[in-house]
Each structure stands twice: as C-alpha cells, then as structure tokens.
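Containing mmCIF, N, CA and C atoms: data.cif.
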```
data_coords
loop_
_atom_site.group_PDB
_atom_site.id
_atom_site.type_symbol
_atom_site.label_atom_id
_atom_site.label_comp_id
_atom_site.auth_asym_id
_atom_site.auth_seq_id
_atom_site.Cartn_x
_atom_site.Cartn_y
_atom_site.Cartn_z
ATOM 1 N N THR A 1 108.214 -161.882 61.674
ATOM 2 C CA THR A 1 108.112 -160.797 62.626
ATOM 3 C C THR A 1 108.401 -159.480 61.911
ATOM 4 N N THR A 2 107.804 -158.471 62.432
ATOM 5 C CA THR A 2 107.999 -157.165 61.826
ATOM 6 C C THR A 2 109.299 -156.541 62.305
ATOM 7 N N LEU A 3 109.911 -155.799 61.441
ATOM 8 C CA LEU A 3 111.196 -155.184 61.761
ATOM 9 C C LEU A 3 111.034 -153.964 62.646
ATOM 10 N N PHE A 4 109.874 -153.379 62.632
ATOM 11 C CA PHE A 4 109.673 -152.132 63.361
ATOM 12 C C PHE A 4 108.615 -152.290 64.431
ATOM 13 N N ARG A 5 108.738 -151.500 65.463
ATOM 14 C CA ARG A 5 107.698 -151.403 66.475
ATOM 15 C C ARG A 5 107.798 -150.045 67.124
ATOM 16 N N SER A 6 106.770 -149.638 67.741
ATOM 17 C CA SER A 6 106.797 -148.330 68.391
ATOM 18 C C SER A 6 107.790 -148.348 69.536
ATOM 19 N N ALA A 7 108.473 -147.243 69.711
ATOM 20 C CA ALA A 7 109.406 -147.116 70.837
ATOM 21 C C ALA A 7 108.599 -147.105 72.122
ATOM 22 N N ALA A 8 109.136 -147.762 73.122
ATOM 23 C CA ALA A 8 108.492 -147.726 74.434
ATOM 24 C C ALA A 8 108.599 -146.308 74.973
ATOM 25 N N ARG A 9 107.547 -145.837 75.535
ATOM 26 C CA ARG A 9 107.545 -144.475 76.053
ATOM 27 C C ARG A 9 107.923 -144.491 77.532
ATOM 28 N N ARG A 10 108.786 -143.612 77.898
ATOM 29 C CA ARG A 10 109.249 -143.467 79.277
ATOM 30 C C ARG A 10 108.366 -142.451 79.998
ATOM 31 N N ASN A 11 108.363 -142.504 81.344
ATOM 32 C CA ASN A 11 107.628 -141.476 82.074
ATOM 33 C C ASN A 11 108.354 -140.150 81.906
ATOM 34 N N ASP A 12 107.678 -139.058 82.208
ATOM 35 C CA ASP A 12 108.222 -137.723 81.934
ATOM 36 C C ASP A 12 109.572 -137.485 82.588
ATOM 37 N N ALA A 13 109.752 -137.898 83.801
ATOM 38 C CA ALA A 13 111.018 -137.648 84.491
ATOM 39 C C ALA A 13 112.158 -138.389 83.817
ATOM 40 N N GLU A 14 111.907 -139.601 83.437
ATOM 41 C CA GLU A 14 112.960 -140.412 82.825
ATOM 42 C C GLU A 14 113.265 -139.959 81.403
ATOM 43 N N ALA A 15 112.250 -139.586 80.657
ATOM 44 C CA ALA A 15 112.439 -139.195 79.262
ATOM 45 C C ALA A 15 113.286 -137.940 79.140
ATOM 46 N N GLY A 16 113.235 -137.071 80.108
ATOM 47 C CA GLY A 16 113.987 -135.835 80.037
ATOM 48 C C GLY A 16 115.415 -135.940 80.526
ATOM 49 N N SER A 17 115.792 -137.066 81.074
ATOM 50 C CA SER A 17 117.135 -137.172 81.636
ATOM 51 C C SER A 17 118.038 -138.015 80.764
ATOM 52 N N ALA A 18 119.295 -137.686 80.770
ATOM 53 C CA ALA A 18 120.262 -138.476 79.998
ATOM 54 C C ALA A 18 120.287 -139.907 80.501
ATOM 55 N N SER A 19 120.151 -140.116 81.797
ATOM 56 C CA SER A 19 120.198 -141.479 82.315
ATOM 57 C C SER A 19 119.016 -142.296 81.819
ATOM 58 N N GLY A 20 117.887 -141.648 81.577
ATOM 59 C CA GLY A 20 116.734 -142.367 81.032
ATOM 60 C C GLY A 20 116.998 -142.839 79.628
ATOM 61 N N ILE A 21 117.655 -142.007 78.819
ATOM 62 C CA ILE A 21 117.977 -142.389 77.450
ATOM 63 C C ILE A 21 119.014 -143.490 77.448
ATOM 64 N N LEU A 22 120.056 -143.336 78.260
ATOM 65 C CA LEU A 22 121.117 -144.329 78.285
ATOM 66 C C LEU A 22 120.639 -145.656 78.846
ATOM 67 N N ALA A 23 119.564 -145.631 79.629
ATOM 68 C CA ALA A 23 119.053 -146.852 80.226
ATOM 69 C C ALA A 23 118.168 -147.649 79.263
ATOM 70 N N LEU A 24 117.936 -147.134 78.059
ATOM 71 C CA LEU A 24 117.119 -147.861 77.091
ATOM 72 C C LEU A 24 117.712 -149.229 76.804
ATOM 73 N N GLN A 25 116.850 -150.175 76.636
ATOM 74 C CA GLN A 25 117.240 -151.520 76.238
ATOM 75 C C GLN A 25 116.906 -151.686 74.761
ATOM 76 N N ALA A 26 117.574 -152.599 74.108
ATOM 77 C CA ALA A 26 117.363 -152.811 72.673
ATOM 78 C C ALA A 26 115.898 -153.112 72.357
ATOM 79 N N ASP A 27 115.218 -153.836 73.228
ATOM 80 C CA ASP A 27 113.826 -154.189 72.941
ATOM 81 C C ASP A 27 112.873 -153.009 73.097
ATOM 82 N N GLU A 28 113.366 -151.865 73.553
ATOM 83 C CA GLU A 28 112.555 -150.657 73.661
ATOM 84 C C GLU A 28 112.716 -149.747 72.447
ATOM 85 N N LEU A 29 113.607 -150.088 71.545
ATOM 86 C CA LEU A 29 113.847 -149.272 70.363
ATOM 87 C C LEU A 29 112.749 -149.464 69.321
ATOM 88 N N PRO A 30 112.594 -148.500 68.420
ATOM 89 C CA PRO A 30 111.553 -148.610 67.391
ATOM 90 C C PRO A 30 111.923 -149.583 66.268
ATOM 91 N N ILE A 31 113.065 -150.229 66.379
ATOM 92 C CA ILE A 31 113.523 -151.212 65.392
ATOM 93 C C ILE A 31 113.681 -152.541 66.105
ATOM 94 N N ALA A 32 112.869 -153.500 65.733
ATOM 95 C CA ALA A 32 112.889 -154.805 66.392
ATOM 96 C C ALA A 32 114.211 -155.523 66.145
ATOM 97 N N ASP A 33 114.654 -156.278 67.137
ATOM 98 C CA ASP A 33 115.868 -157.097 67.054
ATOM 99 C C ASP A 33 117.086 -156.261 66.668
ATOM 100 N N TYR A 34 117.143 -155.041 67.172
ATOM 101 C CA TYR A 34 118.184 -154.090 66.791
ATOM 102 C C TYR A 34 119.588 -154.678 66.912
ATOM 103 N N ASP A 35 119.888 -155.272 68.037
ATOM 104 C CA ASP A 35 121.241 -155.784 68.262
ATOM 105 C C ASP A 35 121.611 -156.934 67.329
ATOM 106 N N GLY A 36 120.631 -157.603 66.772
ATOM 107 C CA GLY A 36 120.908 -158.717 65.881
ATOM 108 C C GLY A 36 120.993 -158.327 64.412
ATOM 109 N N LEU A 37 120.752 -157.060 64.106
ATOM 110 C CA LEU A 37 120.717 -156.622 62.714
ATOM 111 C C LEU A 37 122.096 -156.210 62.212
ATOM 112 N N SER A 38 122.315 -156.409 60.931
ATOM 113 C CA SER A 38 123.528 -155.919 60.284
ATOM 114 C C SER A 38 123.430 -154.406 60.127
ATOM 115 N N VAL A 39 124.548 -153.779 59.830
ATOM 116 C CA VAL A 39 124.552 -152.337 59.590
ATOM 117 C C VAL A 39 123.585 -151.995 58.460
ATOM 118 N N ASP A 40 123.626 -152.755 57.370
ATOM 119 C CA ASP A 40 122.735 -152.468 56.241
ATOM 120 C C ASP A 40 121.269 -152.544 56.643
ATOM 121 N N ALA A 41 120.927 -153.516 57.466
ATOM 122 C CA ALA A 41 119.538 -153.646 57.909
ATOM 123 C C ALA A 41 119.135 -152.477 58.802
ATOM 124 N N VAL A 42 120.034 -152.065 59.686
ATOM 125 C CA VAL A 42 119.735 -150.911 60.541
ATOM 126 C C VAL A 42 119.583 -149.654 59.692
ATOM 127 N N LEU A 43 120.467 -149.467 58.713
ATOM 128 C CA LEU A 43 120.378 -148.288 57.848
ATOM 129 C C LEU A 43 119.043 -148.253 57.112
ATOM 130 N N GLY A 44 118.611 -149.391 56.610
ATOM 131 C CA GLY A 44 117.318 -149.461 55.935
ATOM 132 C C GLY A 44 116.174 -149.113 56.864
ATOM 133 N N ALA A 45 116.249 -149.595 58.084
ATOM 134 C CA ALA A 45 115.198 -149.311 59.061
ATOM 135 C C ALA A 45 115.187 -147.839 59.450
ATOM 136 N N VAL A 46 116.356 -147.260 59.631
ATOM 137 C CA VAL A 46 116.452 -145.845 60.007
ATOM 138 C C VAL A 46 115.790 -144.969 58.945
ATOM 139 N N ARG A 47 115.965 -145.317 57.686
ATOM 140 C CA ARG A 47 115.380 -144.510 56.598
ATOM 141 C C ARG A 47 113.855 -144.490 56.643
ATOM 142 N N THR A 48 113.240 -145.431 57.336
ATOM 143 C CA THR A 48 111.775 -145.467 57.399
ATOM 144 C C THR A 48 111.213 -144.778 58.637
ATOM 145 N N LEU A 49 112.066 -144.438 59.577
ATOM 146 C CA LEU A 49 111.578 -143.797 60.801
ATOM 147 C C LEU A 49 111.178 -142.357 60.509
ATOM 148 N N ASP A 50 110.078 -141.927 61.107
ATOM 149 C CA ASP A 50 109.604 -140.570 60.860
ATOM 150 C C ASP A 50 109.250 -139.830 62.148
ATOM 151 N N ASP A 51 109.786 -140.302 63.243
ATOM 152 C CA ASP A 51 109.538 -139.683 64.539
ATOM 153 C C ASP A 51 110.883 -139.284 65.151
ATOM 154 N N ALA A 52 111.048 -138.001 65.467
ATOM 155 C CA ALA A 52 112.315 -137.502 65.997
ATOM 156 C C ALA A 52 112.684 -138.186 67.310
ATOM 157 N N GLU A 53 111.693 -138.490 68.141
ATOM 158 C CA GLU A 53 111.955 -139.185 69.401
ATOM 159 C C GLU A 53 112.542 -140.573 69.154
ATOM 160 N N ASP A 54 111.992 -141.278 68.180
ATOM 161 C CA ASP A 54 112.500 -142.603 67.845
ATOM 162 C C ASP A 54 113.934 -142.521 67.338
ATOM 163 N N LEU A 55 114.206 -141.527 66.501
ATOM 164 C CA LEU A 55 115.556 -141.355 65.971
ATOM 165 C C LEU A 55 116.544 -141.011 67.080
ATOM 166 N N THR A 56 116.133 -140.174 68.009
ATOM 167 C CA THR A 56 116.991 -139.831 69.139
ATOM 168 C C THR A 56 117.297 -141.065 69.969
ATOM 169 N N ALA A 57 116.293 -141.893 70.201
ATOM 170 C CA ALA A 57 116.504 -143.118 70.974
ATOM 171 C C ALA A 57 117.503 -144.035 70.275
ATOM 172 N N VAL A 58 117.356 -144.201 68.967
ATOM 173 C CA VAL A 58 118.276 -145.052 68.211
ATOM 174 C C VAL A 58 119.686 -144.478 68.271
ATOM 175 N N GLU A 59 119.832 -143.173 68.065
ATOM 176 C CA GLU A 59 121.157 -142.565 68.082
ATOM 177 C C GLU A 59 121.835 -142.736 69.441
ATOM 178 N N GLU A 60 121.118 -142.450 70.497
ATOM 179 C CA GLU A 60 121.710 -142.564 71.833
ATOM 180 C C GLU A 60 122.055 -144.012 72.170
ATOM 181 N N TYR A 61 121.183 -144.930 71.799
ATOM 182 C CA TYR A 61 121.467 -146.347 72.049
ATOM 183 C C TYR A 61 122.707 -146.776 71.265
ATOM 184 N N GLU A 62 122.766 -146.394 70.001
ATOM 185 C CA GLU A 62 123.901 -146.770 69.162
ATOM 186 C C GLU A 62 125.199 -146.202 69.731
ATOM 187 N N ARG A 63 125.183 -144.937 70.116
ATOM 188 C CA ARG A 63 126.385 -144.315 70.683
ATOM 189 C C ARG A 63 126.842 -145.030 71.956
ATOM 190 N N GLY A 64 125.903 -145.495 72.735
ATOM 191 C CA GLY A 64 126.234 -146.149 73.998
ATOM 192 C C GLY A 64 126.580 -147.616 73.873
ATOM 193 N N HIS A 65 126.409 -148.189 72.698
ATOM 194 C CA HIS A 65 126.651 -149.626 72.533
ATOM 195 C C HIS A 65 127.669 -149.897 71.434
ATOM 196 N N LYS A 66 127.252 -150.100 70.227
ATOM 197 C CA LYS A 66 128.193 -150.444 69.147
ATOM 198 C C LYS A 66 128.918 -149.235 68.586
ATOM 199 N N ASN A 67 128.292 -148.066 68.644
ATOM 200 C CA ASN A 67 128.885 -146.795 68.222
ATOM 201 C C ASN A 67 129.449 -146.859 66.797
ATOM 202 N N ARG A 68 128.634 -147.359 65.880
ATOM 203 C CA ARG A 68 129.049 -147.454 64.469
ATOM 204 C C ARG A 68 128.811 -146.111 63.793
ATOM 205 N N ASP A 69 129.893 -145.538 63.268
ATOM 206 C CA ASP A 69 129.823 -144.208 62.660
ATOM 207 C C ASP A 69 128.759 -144.123 61.570
ATOM 208 N N GLY A 70 128.677 -145.129 60.720
ATOM 209 C CA GLY A 70 127.714 -145.108 59.631
ATOM 210 C C GLY A 70 126.279 -145.059 60.116
ATOM 211 N N VAL A 71 125.989 -145.761 61.198
ATOM 212 C CA VAL A 71 124.635 -145.755 61.755
ATOM 213 C C VAL A 71 124.336 -144.398 62.375
ATOM 214 N N VAL A 72 125.272 -143.886 63.162
ATOM 215 C CA VAL A 72 125.062 -142.582 63.806
ATOM 216 C C VAL A 72 124.854 -141.503 62.740
ATOM 217 N N THR A 73 125.669 -141.518 61.704
ATOM 218 C CA THR A 73 125.538 -140.539 60.625
ATOM 219 C C THR A 73 124.183 -140.659 59.933
ATOM 220 N N ALA A 74 123.750 -141.876 59.662
ATOM 221 C CA ALA A 74 122.457 -142.085 59.003
ATOM 222 C C ALA A 74 121.313 -141.558 59.856
ATOM 223 N N VAL A 75 121.384 -141.771 61.152
ATOM 224 C CA VAL A 75 120.335 -141.274 62.051
ATOM 225 C C VAL A 75 120.334 -139.747 62.042
ATOM 226 N N GLN A 76 121.502 -139.152 62.112
ATOM 227 C CA GLN A 76 121.588 -137.687 62.091
ATOM 228 C C GLN A 76 121.060 -137.119 60.783
ATOM 229 N N GLU A 77 121.410 -137.743 59.675
ATOM 230 C CA GLU A 77 120.927 -137.273 58.373
ATOM 231 C C GLU A 77 119.416 -137.410 58.260
ATOM 232 N N ARG A 78 118.871 -138.503 58.766
ATOM 233 C CA ARG A 78 117.420 -138.702 58.732
ATOM 234 C C ARG A 78 116.727 -137.648 59.601
ATOM 235 N N THR A 79 117.296 -137.371 60.759
ATOM 236 C CA THR A 79 116.731 -136.361 61.657
ATOM 237 C C THR A 79 116.729 -134.995 60.981
ATOM 238 N N GLU A 80 117.833 -134.655 60.325
ATOM 239 C CA GLU A 80 117.923 -133.376 59.609
ATOM 240 C C GLU A 80 116.919 -133.310 58.460
ATOM 241 N N ALA A 81 116.743 -134.412 57.749
ATOM 242 C CA ALA A 81 115.783 -134.443 56.636
ATOM 243 C C ALA A 81 114.361 -134.220 57.141
ATOM 244 N N LEU A 82 114.020 -134.842 58.264
ATOM 245 C CA LEU A 82 112.683 -134.645 58.828
ATOM 246 C C LEU A 82 112.483 -133.196 59.261
ATOM 247 N N ALA A 83 113.519 -132.592 59.827
ATOM 248 C CA ALA A 83 113.419 -131.199 60.257
ATOM 249 C C ALA A 83 113.229 -130.276 59.044
ATOM 250 N N ARG A 84 113.958 -130.553 57.970
ATOM 251 C CA ARG A 84 113.801 -129.752 56.748
ATOM 252 C C ARG A 84 112.389 -129.893 56.195
ATOM 253 N N ASP A 85 111.897 -131.135 56.158
ATOM 254 C CA ASP A 85 110.539 -131.370 55.655
ATOM 255 C C ASP A 85 109.505 -130.627 56.507
ATOM 256 N N ALA A 86 109.698 -130.647 57.811
ATOM 257 C CA ALA A 86 108.755 -129.963 58.702
ATOM 258 C C ALA A 86 108.793 -128.450 58.495
ATOM 259 N N ALA A 87 109.977 -127.928 58.225
ATOM 260 C CA ALA A 87 110.138 -126.485 58.037
ATOM 261 C C ALA A 87 109.523 -126.012 56.727
ATOM 262 N N THR A 88 109.528 -126.875 55.708
ATOM 263 C CA THR A 88 109.010 -126.490 54.397
ATOM 264 C C THR A 88 107.587 -126.963 54.169
ATOM 265 N N GLY A 89 107.131 -127.863 55.011
ATOM 266 C CA GLY A 89 105.822 -128.460 54.773
ATOM 267 C C GLY A 89 104.762 -127.830 55.520
#
```

Transcribe the structure of this file into structure tokens.
Amino acid sequence: TTLFRSAARRNDAEAGSASGILALQADELPIADYDGLSVDAVLGAVRTLDDAEDLTAVEEYERGHKNRDGVVTAVQERTEALARDAATG
C-alpha cells in the first residue's frame, strides 16, 4: 500500500471552521495509516508533502491527538520551507 494519499476535501463551510479541521479522521489525512506510523515514518512522510492544506491538516490532527512536539515542529518547518520557496520561485 502506498504511504500517501490525497487529503479528503471538505465542503467550504466545514473547511473554514476550526470544528471542521478538528473533526478530521486519520483516514482523511494525506498520509496513509497515520495513526499506525512511528514518529520517524511520519517525519519522512511530512518531508514529501508539498501542499499547505495537507500540512495544515496533519498539524491540526497531530495537535488534537498524539501532540508529538517533533512532528508538529517538522510540519511547521516544512510549511515555512514551502512558503520560502513560493516567495523566491
């Protein structure tokens, strides 16, 4: 099975609300089998994500569930790197 999949897209009303983000289920994340992965596996997967929406979904899900500092930091760093690339590219 593939480790990655596209994030499920929410309707406009739900996507804009905090409750819509917090209501995400693990199977809606852009990383398959998220809850079953080790920190190292999640970190590797995060480094391959290139969509800010996907990164936001992962960060919010992580904060609401396992809340592992290393994962949250990696997501934030990846998000910042993408923003820098967009600004210079």

For this session: Spell out the residues picked by the PyMOL selection byres (((chain A and resi 64 and name CA) around 12) and name CA) here, as a ChimeraX atom specification.
Result: /A:18-19,21-26,57-63,65-68,72

Output N, CA and C atoms of each residue in that selection to a file, as a PDB file, in the frame of the given file.
```
ATOM      1  N   ALA A  18     119.295-137.686  80.770  1.00  0.00           N
ATOM      2  CA  ALA A  18     120.262-138.476  79.998  1.00  0.00           C
ATOM      3  C   ALA A  18     120.287-139.907  80.501  1.00  0.00           C
ATOM      4  N   SER A  19     120.151-140.116  81.797  1.00  0.00           N
ATOM      5  CA  SER A  19     120.198-141.479  82.315  1.00  0.00           C
ATOM      6  C   SER A  19     119.016-142.296  81.819  1.00  0.00           C
ATOM      7  N   ILE A  21     117.655-142.007  78.819  1.00  0.00           N
ATOM      8  CA  ILE A  21     117.977-142.389  77.450  1.00  0.00           C
ATOM      9  C   ILE A  21     119.014-143.490  77.448  1.00  0.00           C
ATOM     10  N   LEU A  22     120.056-143.336  78.260  1.00  0.00           N
ATOM     11  CA  LEU A  22     121.117-144.329  78.285  1.00  0.00           C
ATOM     12  C   LEU A  22     120.639-145.656  78.846  1.00  0.00           C
ATOM     13  N   ALA A  23     119.564-145.631  79.629  1.00  0.00           N
ATOM     14  CA  ALA A  23     119.053-146.852  80.226  1.00  0.00           C
ATOM     15  C   ALA A  23     118.168-147.649  79.263  1.00  0.00           C
ATOM     16  N   LEU A  24     117.936-147.134  78.059  1.00  0.00           N
ATOM     17  CA  LEU A  24     117.119-147.861  77.091  1.00  0.00           C
ATOM     18  C   LEU A  24     117.712-149.229  76.804  1.00  0.00           C
ATOM     19  N   GLN A  25     116.850-150.175  76.636  1.00  0.00           N
ATOM     20  CA  GLN A  25     117.240-151.520  76.238  1.00  0.00           C
ATOM     21  C   GLN A  25     116.906-151.686  74.761  1.00  0.00           C
ATOM     22  N   ALA A  26     117.574-152.599  74.108  1.00  0.00           N
ATOM     23  CA  ALA A  26     117.363-152.811  72.673  1.00  0.00           C
ATOM     24  C   ALA A  26     115.898-153.112  72.357  1.00  0.00           C
ATOM     25  N   ALA A  57     116.293-141.893  70.201  1.00  0.00           N
ATOM     26  CA  ALA A  57     116.504-143.118  70.974  1.00  0.00           C
ATOM     27  C   ALA A  57     117.503-144.035  70.275  1.00  0.00           C
ATOM     28  N   VAL A  58     117.356-144.201  68.967  1.00  0.00           N
ATOM     29  CA  VAL A  58     118.276-145.052  68.211  1.00  0.00           C
ATOM     30  C   VAL A  58     119.686-144.478  68.271  1.00  0.00           C
ATOM     31  N   GLU A  59     119.832-143.173  68.065  1.00  0.00           N
ATOM     32  CA  GLU A  59     121.157-142.565  68.082  1.00  0.00           C
ATOM     33  C   GLU A  59     121.835-142.736  69.441  1.00  0.00           C
ATOM     34  N   GLU A  60     121.118-142.450  70.497  1.00  0.00           N
ATOM     35  CA  GLU A  60     121.710-142.564  71.833  1.00  0.00           C
ATOM     36  C   GLU A  60     122.055-144.012  72.170  1.00  0.00           C
ATOM     37  N   TYR A  61     121.183-144.930  71.799  1.00  0.00           N
ATOM     38  CA  TYR A  61     121.467-146.347  72.049  1.00  0.00           C
ATOM     39  C   TYR A  61     122.707-146.776  71.265  1.00  0.00           C
ATOM     40  N   GLU A  62     122.766-146.394  70.001  1.00  0.00           N
ATOM     41  CA  GLU A  62     123.901-146.770  69.162  1.00  0.00           C
ATOM     42  C   GLU A  62     125.199-146.202  69.731  1.00  0.00           C
ATOM     43  N   ARG A  63     125.183-144.937  70.116  1.00  0.00           N
ATOM     44  CA  ARG A  63     126.385-144.315  70.683  1.00  0.00           C
ATOM     45  C   ARG A  63     126.842-145.030  71.956  1.00  0.00           C
ATOM     46  N   HIS A  65     126.409-148.189  72.698  1.00  0.00           N
ATOM     47  CA  HIS A  65     126.651-149.626  72.533  1.00  0.00           C
ATOM     48  C   HIS A  65     127.669-149.897  71.434  1.00  0.00           C
ATOM     49  N   LYS A  66     127.252-150.100  70.227  1.00  0.00           N
ATOM     50  CA  LYS A  66     128.193-150.444  69.147  1.00  0.00           C
ATOM     51  C   LYS A  66     128.918-149.235  68.586  1.00  0.00           C
ATOM     52  N   ASN A  67     128.292-148.066  68.644  1.00  0.00           N
ATOM     53  CA  ASN A  67     128.885-146.795  68.222  1.00  0.00           C
ATOM     54  C   ASN A  67     129.449-146.859  66.797  1.00  0.00           C
ATOM     55  N   ARG A  68     128.634-147.359  65.880  1.00  0.00           N
ATOM     56  CA  ARG A  68     129.049-147.454  64.469  1.00  0.00           C
ATOM     57  C   ARG A  68     128.811-146.111  63.793  1.00  0.00           C
ATOM     58  N   VAL A  72     125.272-143.886  63.162  1.00  0.00           N
ATOM     59  CA  VAL A  72     125.062-142.582  63.806  1.00  0.00           C
ATOM     60  C   VAL A  72     124.854-141.503  62.740  1.00  0.00           C
TER      61      VAL A  72
END
```

Problem set entry | Two-atom distance - atom C of Asp85 in chain A, atom N of Asp40 in chain A (Å) | 26.3 Å

So that I can see what lies close to range 78-80 of chain A, please list as a compact mmCIF listing (two decimals) with N, CA and C atoms, in the frame of the given file the residues with an atom at most 8 Å from it, counting only C-alpha atoms and leaving out residues fewer than 4 positions away in the same chain.
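Writing done, so here's around-v4.txt:
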```txt
# COMPACT_ATOMS: atom_id res chain seq x y z
N VAL A 46 116.36 -147.26 59.63
CA VAL A 46 116.45 -145.84 60.01
C VAL A 46 115.79 -144.97 58.94
N ARG A 47 115.96 -145.32 57.69
CA ARG A 47 115.38 -144.51 56.60
C ARG A 47 113.86 -144.49 56.64
N ALA A 52 111.05 -138.00 65.47
CA ALA A 52 112.32 -137.50 66.00
C ALA A 52 112.68 -138.19 67.31
N LEU A 55 114.21 -141.53 66.50
CA LEU A 55 115.56 -141.35 65.97
C LEU A 55 116.54 -141.01 67.08
N ALA A 74 123.75 -141.88 59.66
CA ALA A 74 122.46 -142.08 59.00
C ALA A 74 121.31 -141.56 59.86
N ARG A 84 113.96 -130.55 57.97
CA ARG A 84 113.80 -129.75 56.75
C ARG A 84 112.39 -129.89 56.20
```

Exercise. What is the atom C of Asp69 in chain A-atom N of Leu43 in chain A distance in Å, reported with one decimal?
Worked result: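 Computing it gives 10.3 Å between the two atoms.
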
For this session: Just give me the gap between CA of Asp51 in chain A and atom N of Asp35 in chain A in Å, one decimal is fine.
Result: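 Pair CA of Asp51 in chain A / atom N of Asp35 in chain A returns 19.0 Å.
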
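Residue neighbourhood of Val39 in chain A, excluding near-sequence residues (fewer than 5 positions): Gly44, Ala45, Gly70 and Val71 of chain A, at 8 Å, using all atoms listed in the file.
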
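In terms of minimum interatomic distance to Thr56 in chain A, A:Val75 ranks closest within A:Ala32, A:Ala41, A:Val75, A:Ala81, counting only N, CA and C atoms.
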
Centre and size of axis-aligned box enclosing range 29-35 of chain A plus 6 Å each side, as AutoDock Vina command-line options:
```
--center_x 116.6 --center_y -152.8 --center_z 68.5 --size_x 22.1 --size_y 20.6 --size_z 18.2
```
